[in-house]
Structures are given as structure tokens and as C-alpha cells.
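Colleague: Here you go, data.pdb (PDB, C-alpha atoms):
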```
ATOM      1  CA  MET V 161       0.000   0.000   0.000
ATOM      2  CA  LYS V 162       1.241   3.476  -0.873
ATOM      3  CA  TYR V 163       0.688   6.350   1.546
ATOM      4  CA  ASN V 164       0.377  10.126   1.423
ATOM      5  CA  VAL V 165       3.037  11.007   3.978
ATOM      6  CA  LEU V 166       3.457  14.137   6.089
ATOM      7  CA  ILE V 167       6.915  14.322   7.670
ATOM      8  CA  THR V 168       7.570  17.176  10.072
ATOM      9  CA  GLY V 169      11.146  18.431  10.153
ATOM     10  CA  ALA V 170      11.914  16.959   6.731
ATOM     11  CA  ASN V 171      14.280  19.647   5.458
ATOM     12  CA  SER V 172      17.390  18.067   6.941
ATOM     13  CA  GLY V 173      18.794  15.243   9.028
ATOM     14  CA  LEU V 174      16.653  12.227   9.825
ATOM     15  CA  GLY V 175      13.479  13.777   8.406
ATOM     16  CA  LYS V 176      15.077  14.398   5.021
ATOM     17  CA  SER V 177      16.517  10.868   4.953
ATOM     18  CA  LEU V 178      13.122   9.393   5.851
ATOM     19  CA  ALA V 179      11.510  11.432   3.065
ATOM     20  CA  ILE V 180      14.019  10.055   0.556
ATOM     21  CA  LYS V 181      13.453   6.477   1.771
ATOM     22  CA  PHE V 182       9.657   6.625   1.715
ATOM     23  CA  LYS V 183       9.654   8.359  -1.682
ATOM     24  CA  SER V 184      11.972   5.667  -3.085
ATOM     25  CA  LYS V 185       9.355   3.099  -2.013
ATOM     26  CA  GLY V 186       6.634   4.880  -3.987
ATOM     27  CA  HIS V 187       4.944   6.920  -1.266
ATOM     28  CA  TYR V 188       3.911  10.535  -1.868
ATOM     29  CA  ILE V 189       5.836  12.839   0.475
ATOM     30  CA  PHE V 190       4.553  16.167   1.786
ATOM     31  CA  HIS V 191       7.238  18.247   3.518
ATOM     32  CA  HIS V 192       5.665  20.519   6.092
ATOM     33  CA  LEU V 193       8.315  23.127   5.327
ATOM     34  CA  GLY V 194       8.016  22.898   1.563
ATOM     35  CA  HIS V 195       6.670  26.051  -0.075
ATOM     36  CA  LYS V 196       5.108  27.309   3.148
ATOM     37  CA  HIS V 197       6.728  27.593   6.539
ATOM     38  CA  PHE V 198       4.686  26.170   9.398
ATOM     39  CA  ASP V 199       6.077  27.031  12.829
ATOM     40  CA  LEU V 200       5.283  24.008  15.002
ATOM     41  CA  SER V 201       5.724  26.071  18.146
ATOM     42  CA  ASN V 202       2.726  28.170  17.054
ATOM     43  CA  ILE V 203      -0.778  26.701  17.498
ATOM     44  CA  ASP V 204      -2.237  28.756  14.630
ATOM     45  CA  ASP V 205       0.422  27.408  12.246
ATOM     46  CA  ILE V 206      -0.282  23.856  13.419
ATOM     47  CA  LYS V 207      -3.977  24.398  12.584
ATOM     48  CA  LEU V 208      -3.015  25.642   9.103
ATOM     49  CA  LEU V 209      -0.795  22.586   8.602
ATOM     50  CA  ILE V 210      -3.680  20.310   9.611
ATOM     51  CA  ASP V 211      -5.962  22.018   7.072
ATOM     52  CA  GLU V 212      -3.345  21.604   4.341
ATOM     53  CA  ALA V 213      -2.742  17.951   5.271
ATOM     54  CA  LYS V 214      -6.471  17.225   5.131
ATOM     55  CA  LEU V 215      -6.615  18.572   1.572
ATOM     56  CA  LEU V 216      -3.705  16.308   0.620
ATOM     57  CA  ASN V 217      -5.384  13.230   2.148
ATOM     58  CA  ILE V 218      -2.444  12.555   4.458
ATOM     59  CA  ASP V 219      -2.805   9.046   5.877
ATOM     60  CA  LEU V 220       0.700   8.539   7.314
ATOM     61  CA  LEU V 221       2.103  11.107   9.749
ATOM     62  CA  ILE V 222       5.754  11.019  10.792
ATOM     63  CA  ASN V 223       6.288  13.259  13.828
ATOM     64  CA  ASN V 224       9.994  13.921  13.415
ATOM     65  CA  ALA V 225      10.428  17.649  14.116
ATOM     66  CA  ALA V 226      11.925  18.355  17.517
ATOM     67  CA  ILE V 227      13.894  20.909  19.425
ATOM     68  CA  LEU V 228      16.920  19.060  20.715
ATOM     69  CA  CYS V 229      17.994  19.096  24.307
ATOM     70  CA  PRO V 230      20.105  22.176  25.118
ATOM     71  CA  ASN V 231      21.819  20.200  27.941
ATOM     72  CA  ILE V 232      21.928  23.162  30.304
ATOM     73  CA  ASP V 233      21.104  23.685  33.966
ATOM     74  CA  PHE V 234      17.380  24.172  34.550
ATOM     75  CA  SER V 235      17.940  27.647  36.020
ATOM     76  CA  ASP V 236      19.465  28.696  32.681
ATOM     77  CA  TYR V 237      16.268  27.995  30.708
ATOM     78  CA  ASP V 238      14.147  30.963  29.755
ATOM     79  CA  LYS V 239      10.360  30.628  29.598
ATOM     80  CA  ASN V 240      10.224  30.989  25.810
ATOM     81  CA  THR V 241      12.623  28.085  25.312
ATOM     82  CA  ILE V 242      10.586  25.880  27.641
ATOM     83  CA  VAL V 243       7.359  26.710  25.789
ATOM     84  CA  LYS V 244       8.956  26.104  22.366
ATOM     85  CA  ILE V 245      10.371  22.700  23.368
ATOM     86  CA  ILE V 246       7.022  21.541  24.800
ATOM     87  CA  ASN V 247       5.058  22.911  21.838
ATOM     88  CA  VAL V 248       7.240  21.405  19.104
ATOM     89  CA  ASN V 249       8.127  18.097  20.790
ATOM     90  CA  LEU V 250       4.794  17.279  22.439
ATOM     91  CA  LEU V 251       1.899  19.599  21.634
ATOM     92  CA  ALA V 252       2.404  19.639  17.841
ATOM     93  CA  PRO V 253       2.361  15.807  17.497
ATOM     94  CA  ILE V 254      -0.753  15.581  19.710
ATOM     95  CA  LEU V 255      -2.598  18.301  17.777
ATOM     96  CA  LEU V 256      -1.582  16.866  14.393
ATOM     97  CA  ILE V 257      -2.781  13.378  15.310
ATOM     98  CA  ASN V 258      -6.001  14.787  16.768
ATOM     99  CA  GLY V 259      -6.679  17.027  13.766
ATOM    100  CA  LEU V 260      -5.993  14.276  11.235
ATOM    101  CA  SER V 261      -7.486  11.372  13.190
ATOM    102  CA  GLU V 262     -10.337  10.813  10.725
ATOM    103  CA  GLN V 263      -7.974  10.079   7.849
ATOM    104  CA  LEU V 264      -4.790   8.737   9.455
ATOM    105  CA  LYS V 265      -3.980   5.059   9.061
ATOM    106  CA  ASN V 266      -0.463   5.193  10.522
ATOM    107  CA  VAL V 267       1.707   7.385  12.739
ATOM    108  CA  ILE V 268       5.445   7.148  13.340
ATOM    109  CA  ASN V 269       6.604   9.103  16.386
ATOM    110  CA  ILE V 270      10.330   9.772  16.419
ATOM    111  CA  ASN V 271      11.088   9.842  20.120
ATOM    112  CA  SER V 272      14.306   9.510  22.129
ATOM    113  CA  VAL V 273      15.807   7.108  24.653
ATOM    114  CA  VAL V 274      15.656  10.110  26.987
ATOM    115  CA  ALA V 275      11.960   9.229  27.352
ATOM    116  CA  LEU V 276      13.032   5.829  28.710
ATOM    117  CA  GLU V 277      15.932   6.756  30.991
ATOM    118  CA  THR V 278      16.983   9.630  33.231
ATOM    119  CA  LYS V 279      19.753  11.932  32.027
ATOM    120  CA  LYS V 280      21.350  14.930  33.690
ATOM    121  CA  ASN V 281      20.306  18.397  32.446
ATOM    122  CA  ARG V 282      17.576  17.096  30.176
ATOM    123  CA  MET V 283      14.517  18.066  32.232
ATOM    124  CA  VAL V 284      12.351  19.874  29.677
ATOM    125  CA  TYR V 285      13.399  17.684  26.745
ATOM    126  CA  ALA V 286      12.738  14.580  28.880
ATOM    127  CA  ALA V 287       9.337  15.943  29.884
ATOM    128  CA  SER V 288       8.377  16.506  26.238
ATOM    129  CA  LYS V 289       9.586  13.088  25.097
ATOM    130  CA  SER V 290       8.141  11.217  28.097
ATOM    131  CA  GLY V 291       4.864  13.018  27.497
ATOM    132  CA  LEU V 292       4.868  11.893  23.858
ATOM    133  CA  MET V 293       5.520   8.322  24.996
ATOM    134  CA  GLY V 294       2.613   8.415  27.466
ATOM    135  CA  PHE V 295       0.270   9.956  24.911
ATOM    136  CA  SER V 296       1.225   7.407  22.271
ATOM    137  CA  GLU V 297       0.923   4.387  24.569
ATOM    138  CA  SER V 298      -2.512   5.518  25.734
ATOM    139  CA  LEU V 299      -3.658   6.188  22.169
ATOM    140  CA  LYS V 300      -2.569   2.688  21.121
ATOM    141  CA  ILE V 301      -4.949   1.087  23.613
ATOM    142  CA  SER V 302      -7.718   3.645  23.060
ATOM    143  CA  ASN V 303      -8.176   3.304  19.310
ATOM    144  CA  ASP V 304      -8.068   0.515  16.768
ATOM    145  CA  LYS V 305      -7.977   2.687  13.650
ATOM    146  CA  ILE V 306      -4.514   4.268  13.742
ATOM    147  CA  LYS V 307      -1.420   2.048  13.794
ATOM    148  CA  ILE V 308       1.386   3.713  15.771
ATOM    149  CA  LEU V 309       5.130   3.045  15.682
ATOM    150  CA  ASP V 310       7.238   4.675  18.397
ATOM    151  CA  VAL V 311      10.946   5.025  17.659
ATOM    152  CA  TYR V 312      13.334   5.523  20.583
ATOM    153  CA  SER V 313      16.876   6.283  19.486
ATOM    154  CA  THR V 314      20.196   7.520  20.734
ATOM    155  CA  ASN V 315      22.415   9.870  18.688
ATOM    156  CA  ILE V 316      22.231   9.638  14.906
ATOM    157  CA  LYS V 317      24.902  10.789  12.449
ATOM    158  CA  THR V 318      22.975  13.476  10.615
ATOM    159  CA  ASN V 319      26.016  15.470   9.583
ATOM    160  CA  GLY V 320      29.781  15.114   9.454
ATOM    161  CA  LEU V 321      30.153  16.724  12.873
ATOM    162  CA  THR V 322      28.256  14.036  14.784
ATOM    163  CA  SER V 323      30.423  11.428  16.445
ATOM    164  CA  ASN V 324      29.615   8.458  18.678
ATOM    165  CA  ALA V 325      26.338   8.006  16.814
ATOM    166  CA  MET V 326      24.461   5.537  14.618
ATOM    167  CA  GLU V 327      24.715   5.697  10.838
ATOM    168  CA  ILE V 328      21.694   7.431   9.344
ATOM    169  CA  ASP V 329      21.110   4.691   6.751
ATOM    170  CA  PHE V 330      20.901   2.073   9.508
ATOM    171  CA  VAL V 331      18.346   4.180  11.405
ATOM    172  CA  VAL V 332      16.210   4.953   8.343
ATOM    173  CA  ASN V 333      16.195   1.327   7.177
ATOM    174  CA  SER V 334      15.343   0.120  10.698
ATOM    175  CA  ILE V 335      12.422   2.542  10.927
ATOM    176  CA  TYR V 336      11.098   1.626   7.478
ATOM    177  CA  ASP V 337      11.387  -2.113   8.188
ATOM    178  CA  ALA V 338       9.600  -1.702  11.539
ATOM    179  CA  PHE V 339       6.848   0.274   9.794
ATOM    180  CA  ILE V 340       6.394  -2.359   7.079
ATOM    181  CA  ASN V 341       6.384  -5.136   9.695
ATOM    182  CA  LYS V 342       3.727  -3.257  11.707
ATOM    183  CA  GLN V 343       5.813  -3.049  14.873
ATOM    184  CA  GLU V 344       4.585  -0.791  17.664
ATOM    185  CA  LYS V 345       7.974   0.154  19.126
ATOM    186  CA  ILE V 346      11.666   0.014  18.297
ATOM    187  CA  ILE V 347      14.653   1.038  20.361
ATOM    188  CA  LEU V 348      17.749   1.985  18.391
ATOM    189  CA  ASP V 349      20.579   2.230  20.888
ATOM    190  CA  GLY V 350      23.906   2.992  19.264
ATOM    191  CA  ARG V 351      25.680   2.748  22.598
ATOM    192  CA  ILE V 352      25.348  -1.040  22.754
TER     193      ILE V 352
END
```
Represent the structure contained in this file as C-alpha cells.

Modeller:
Amino acid sequence: MKYNVLITGANSGLGKSLAIKFKSKGHYIFHHLGHKHFDLSNIDDIKLLIDEAKLLNIDLLINNAAILCPNIDFSDYDKNTIVKIINVNLLAPILLINGLSEQLKNVININSVVALETKKNRMVYAASKSGLMGFSESLKISNDKIKILDVYSTNIKTNGLTSNAMEIDFVVNSIYDAFINKQEKIILDGRI
């Protein structure tokens, strides 16, 4: 089956690589940052993206966009940064799934191992990713219409500067294989 795919954060890194992979398998790819810029920290922009996705009959949503962990002391966070991290990493995926629930067949949530284990100086990022995990797990047992794959990963080599990380091709192929095999969760831990 071929899907109409919305991938958030598809202009670079993992999102771009996922877009290339899914397109190579014959799926239609809609980049949320294509000709229009949708700011996923802004609720009005998320609503506009939902409207656009409805018109395109999006039936596979890949929640990939995220604000990465700044790895700073909690007292060094400003309120705007906290709000942006929560909005992009947690609120946007929830609103997108909710707004597209009538047409979605599948969702892939790109999460982080930080949702599964405690790390120093990752409070807000951990809260956003743990929240996404809780939302997703509850949705899985609350509906039988949308198939959900949660991806928990450690560092991924998305550019030449990333070290001590998994190869992007390995990650993309693992995600695609898990999607095709209808898995509900994969953990990609490059530290092992």
C-alpha cells in the first residue's frame, strides 16, 4: 500500500533521509516546510498545517520535528525556550494526530531514549519526550484505527560533525522495516 506522507522536520537530518526512503518506495511525500513555513511552536500554524494535510489526504504522519535538548542547567532555561520545546516536541504531534485522526492510518513518532531513561540536564526535553511516549501508549490502547510506531533512538549521524552516533542509513532502514512489519515500538541504541 502506498501512503500520502506528512513528515515534520523533513528539510534536513533524519526527516530528510526518511523522506528520501519513503519516496523511493513509492509513497507521496509532503514536507511541512516545503513552499510554506509552518512554525510548530505556534498553534495557529499547526492548525493551518492540519488544514493543508487534510486537503492532501495525508494518511501517514511522521512526527519527526523536535527541538533538541540544550543540555543546560534548569535555572538557565528561559520561559520561551521551555514553551517552544514543549510545543514542538509534544503539543504539535498531539494536535496533528487529533486534527488528522479521521484520515490517518499510521503514525510514526520519532522519540528519544531520553523518554526511557533519566539523564542529567535534560529536564524539559525529557518531559516533552516522556509526554509523547505516554500519549502514544494511551492512544494505542484507546483506538483501533490508527497504527502507531514509536521510535526511541540515541544519537544519529545526521552530519559530518556528529560522532559516537548511529549511521543514518541504519536508522532509516530500521524505521522503514519496523513500519512495514507493523511493529509498535523500536529502540535503536547505538551505545550497545

Colleague: Selection in question (the file shown): the PyMOL selection byres ((chain V and resi 346) around 6). Which residues does it include, as a PDB file with C-alpha atoms, in the frame of the given file?

Modeller:
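Result saved to out_33.pdb:
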```
ATOM      1  CA  VAL V 311      10.946   5.025  17.659  1.00  0.00           C
ATOM      2  CA  LYS V 345       7.974   0.154  19.126  1.00  0.00           C
ATOM      3  CA  ILE V 347      14.653   1.038  20.361  1.00  0.00           C
TER       4      ILE V 347
END
```

Colleague: Choose the residue, out of V:Ser302, V:Thr278, V:Asn247, V:Asn333, that has the smallest atom-to-atom separation from Asp204 in chain V; count all atoms listed in the file.

Modeller: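 Checking each candidate against Asp204 in chain V, we get V:Asn247 as the closest.
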
Colleague: Identify all residues satisfying the PyMOL selection byres ((chain V and resi 273) around 6) in the given file; provide them as a PyMOL selection string.

Modeller: chain V and resi 272+274-276+312-314

Colleague: Using the chain letters and numbers from this file, what does the PyMOL selection byres ((chain V and resi 221) around 9) select? Give the answer as number ranges by chain.

Modeller: V: 164-168, 218-220, 222-223, 256-257, 260, 264-269

Colleague: Can you work out the spacing between CA of Ile210 in chain V and CA of Gly259 in chain V in Å, to one decimal?

Modeller: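 Distance between the two atoms: 6.1 Å.
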
Colleague: If you count only C-alpha atoms, which residues fall within 12 Å of Phe190 in chain V, apart from same-chain ones fewer than 2 positions away, as a ChimeraX atom specification?

Modeller: /V:163-171,175-176,178-180,182-183,187-188,192-196,209,212-222

Colleague: Keeping only C-alpha atoms, write the selected residues to a file as a compact mmCIF listing (two decimals), in the coordinates of the input.

Modeller:
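Below is the file that was written, selection-v3.txt:
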```txt
# COMPACT_ATOMS: atom_id res chain seq x y z
CA TYR V 163 0.69 6.35 1.55
CA ASN V 164 0.38 10.13 1.42
CA VAL V 165 3.04 11.01 3.98
CA LEU V 166 3.46 14.14 6.09
CA ILE V 167 6.92 14.32 7.67
CA THR V 168 7.57 17.18 10.07
CA GLY V 169 11.15 18.43 10.15
CA ALA V 170 11.91 16.96 6.73
CA ASN V 171 14.28 19.65 5.46
CA GLY V 175 13.48 13.78 8.41
CA LYS V 176 15.08 14.40 5.02
CA LEU V 178 13.12 9.39 5.85
CA ALA V 179 11.51 11.43 3.06
CA ILE V 180 14.02 10.06 0.56
CA PHE V 182 9.66 6.62 1.72
CA LYS V 183 9.65 8.36 -1.68
CA HIS V 187 4.94 6.92 -1.27
CA TYR V 188 3.91 10.54 -1.87
CA HIS V 192 5.66 20.52 6.09
CA LEU V 193 8.32 23.13 5.33
CA GLY V 194 8.02 22.90 1.56
CA HIS V 195 6.67 26.05 -0.08
CA LYS V 196 5.11 27.31 3.15
CA LEU V 209 -0.80 22.59 8.60
CA GLU V 212 -3.34 21.60 4.34
CA ALA V 213 -2.74 17.95 5.27
CA LYS V 214 -6.47 17.23 5.13
CA LEU V 215 -6.62 18.57 1.57
CA LEU V 216 -3.70 16.31 0.62
CA ASN V 217 -5.38 13.23 2.15
CA ILE V 218 -2.44 12.56 4.46
CA ASP V 219 -2.80 9.05 5.88
CA LEU V 220 0.70 8.54 7.31
CA LEU V 221 2.10 11.11 9.75
CA ILE V 222 5.75 11.02 10.79
```

Colleague: When distances are computed from only C-alpha atoms, which of V:Ile254, V:Lys307, V:Asp337, V:Lys244 shows the smallest separation from Ser201 in chain V?

Modeller: V:Lys244

Colleague: Out of V:Ala225, V:Ile308, V:Ile316, V:Leu208, which residue has the shortest atom-to-atom distance to Val332 in chain V when counting only C-alpha atoms?

Modeller: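 So, comparing all the options, the nearest one is V:Ile316.
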
Colleague: With all atoms listed in the file as the counted atoms, please give the residues lying no more than 7 Å from Leu174 in chain V, apart from itself and same-chain residues fewer than 3 positions off, as a PDB file with C-alpha atoms, in the frame of the given file.

Modeller:
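part-v3.pdb, written as the output of this step:
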```pdb
ATOM      1  CA  SER V 177      16.517  10.868   4.953  1.00  0.00           C
ATOM      2  CA  LEU V 178      13.122   9.393   5.851  1.00  0.00           C
ATOM      3  CA  THR V 318      22.975  13.476  10.615  1.00  0.00           C
ATOM      4  CA  ILE V 328      21.694   7.431   9.344  1.00  0.00           C
TER       5      ILE V 328
END
```

Colleague: State, in Å with one decimal place, the distance from CA of Ile245 in chain V to CA of Tyr285 in chain V.

Modeller: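 Spanning CA of Ile245 in chain V to CA of Tyr285 in chain V is a straight-line distance of 6.8 Å.
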
Colleague: Of the residues V:Lys181, V:Asp199, V:Ser172, V:Ile189, which is the one nearest to Phe330 in chain V, using all atoms listed in the file?

Modeller: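 For Phe330 in chain V, the nearest of the candidates is V:Lys181.
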
Colleague: Let me make sure I understand: among V:Met326, V:Met161, V:Cys229, V:Leu255, which one has the smallest atom-to-atom distance to Phe295 in chain V if we use only C-alpha atoms?

Modeller: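 Among V:Met326, V:Met161, V:Cys229, V:Leu255, it is V:Leu255 that comes nearest to Phe295 in chain V.
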
Colleague: Show me, as a PDB file with C-alpha atoms, in the frame of the given file, the residues that have an atom within 7 Å of range 288-293 of chain V when counting only C-alpha atoms, minus same-chain residues fewer than 3 positions from it.

Modeller:
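Wrote it out as part33.pdb, contents follow:
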```pdb
ATOM      1  CA  ILE V 246       7.022  21.541  24.800  1.00  0.00           C
ATOM      2  CA  ASN V 249       8.127  18.097  20.790  1.00  0.00           C
ATOM      3  CA  LEU V 250       4.794  17.279  22.439  1.00  0.00           C
ATOM      4  CA  ASN V 271      11.088   9.842  20.120  1.00  0.00           C
ATOM      5  CA  SER V 272      14.306   9.510  22.129  1.00  0.00           C
ATOM      6  CA  ALA V 275      11.960   9.229  27.352  1.00  0.00           C
ATOM      7  CA  VAL V 284      12.351  19.874  29.677  1.00  0.00           C
ATOM      8  CA  TYR V 285      13.399  17.684  26.745  1.00  0.00           C
ATOM      9  CA  SER V 296       1.225   7.407  22.271  1.00  0.00           C
ATOM     10  CA  GLU V 297       0.923   4.387  24.569  1.00  0.00           C
TER      11      GLU V 297
END
```

Colleague: Between CA of Lys279 in chain V and CA of Ile203 in chain V, measure the distance and give it in Å to one decimal.

Modeller: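 These atoms are spaced 29.2 Å apart.
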
Colleague: Can you work out which one of V:Asp238, V:Asp310, V:Asp233, V:Glu262 has the shortest atom-to-atom distance to Lys280 in chain V, counting only C-alpha atoms?

Modeller: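 The answer is V:Asp233, which sits nearest to Lys280 in chain V.
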
Colleague: Give the centre and edge lengths of an axis-aligned box, in Å to one decimal, that holds all listed atoms of range 325-342 of chain V with 5 Å on each side, as AutoDock Vina command-line options.

Modeller:
```
--center_x 15.0 --center_y 1.4 --center_z 11.8 --size_x 32.6 --size_y 23.1 --size_z 20.1
```

Colleague: Please, could N, CA and C atoms be added to range 287-300 of chain V and the result written as a JSON list (two decimals), in the frame of the given file?

Modeller:
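Below is the file that was written, out00.json:
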```
[["chain", "number", "residue", "atom", "x", "y", "z"],
["V", 287, "ALA", "N", 10.77, 15.78, 29.65],
["V", 287, "ALA", "CA", 9.34, 15.94, 29.88],
["V", 287, "ALA", "C", 8.56, 15.87, 28.58],
["V", 288, "SER", "N", 9.08, 16.52, 27.53],
["V", 288, "SER", "CA", 8.38, 16.51, 26.24],
["V", 288, "SER", "C", 8.37, 15.11, 25.63],
["V", 289, "LYS", "N", 9.50, 14.41, 25.71],
["V", 289, "LYS", "CA", 9.59, 13.09, 25.10],
["V", 289, "LYS", "C", 8.86, 12.02, 25.92],
["V", 290, "SER", "N", 8.91, 12.14, 27.24],
["V", 290, "SER", "CA", 8.14, 11.22, 28.10],
["V", 290, "SER", "C", 6.65, 11.45, 27.91],
["V", 291, "GLY", "N", 6.26, 12.70, 27.76],
["V", 291, "GLY", "CA", 4.86, 13.02, 27.50],
["V", 291, "GLY", "C", 4.39, 12.42, 26.19],
["V", 292, "LEU", "N", 5.22, 12.49, 25.15],
["V", 292, "LEU", "CA", 4.87, 11.89, 23.86],
["V", 292, "LEU", "C", 4.72, 10.38, 23.99],
["V", 293, "MET", "N", 5.61, 9.76, 24.77],
["V", 293, "MET", "CA", 5.52, 8.32, 25.00],
["V", 293, "MET", "C", 4.20, 7.97, 25.68],
["V", 294, "GLY", "N", 3.86, 8.69, 26.75],
["V", 294, "GLY", "CA", 2.61, 8.41, 27.47],
["V", 294, "GLY", "C", 1.39, 8.61, 26.59],
["V", 295, "PHE", "N", 1.38, 9.70, 25.83],
["V", 295, "PHE", "CA", 0.27, 9.96, 24.91],
["V", 295, "PHE", "C", 0.13, 8.82, 23.91],
["V", 296, "SER", "N", 1.24, 8.43, 23.30],
["V", 296, "SER", "CA", 1.23, 7.41, 22.27],
["V", 296, "SER", "C", 0.77, 6.05, 22.82],
["V", 297, "GLU", "N", 1.30, 5.67, 23.98],
["V", 297, "GLU", "CA", 0.92, 4.39, 24.57],
["V", 297, "GLU", "C", -0.56, 4.36, 24.91],
["V", 298, "SER", "N", -1.09, 5.45, 25.42],
["V", 298, "SER", "CA", -2.51, 5.52, 25.73],
["V", 298, "SER", "C", -3.37, 5.48, 24.47],
["V", 299, "LEU", "N", -2.91, 6.19, 23.43],
["V", 299, "LEU", "CA", -3.66, 6.19, 22.17],
["V", 299, "LEU", "C", -3.70, 4.79, 21.56],
["V", 300, "LYS", "N", -2.61, 4.05, 21.68],
["V", 300, "LYS", "CA", -2.57, 2.69, 21.12],
["V", 300, "LYS", "C", -3.67, 1.80, 21.70]]
```
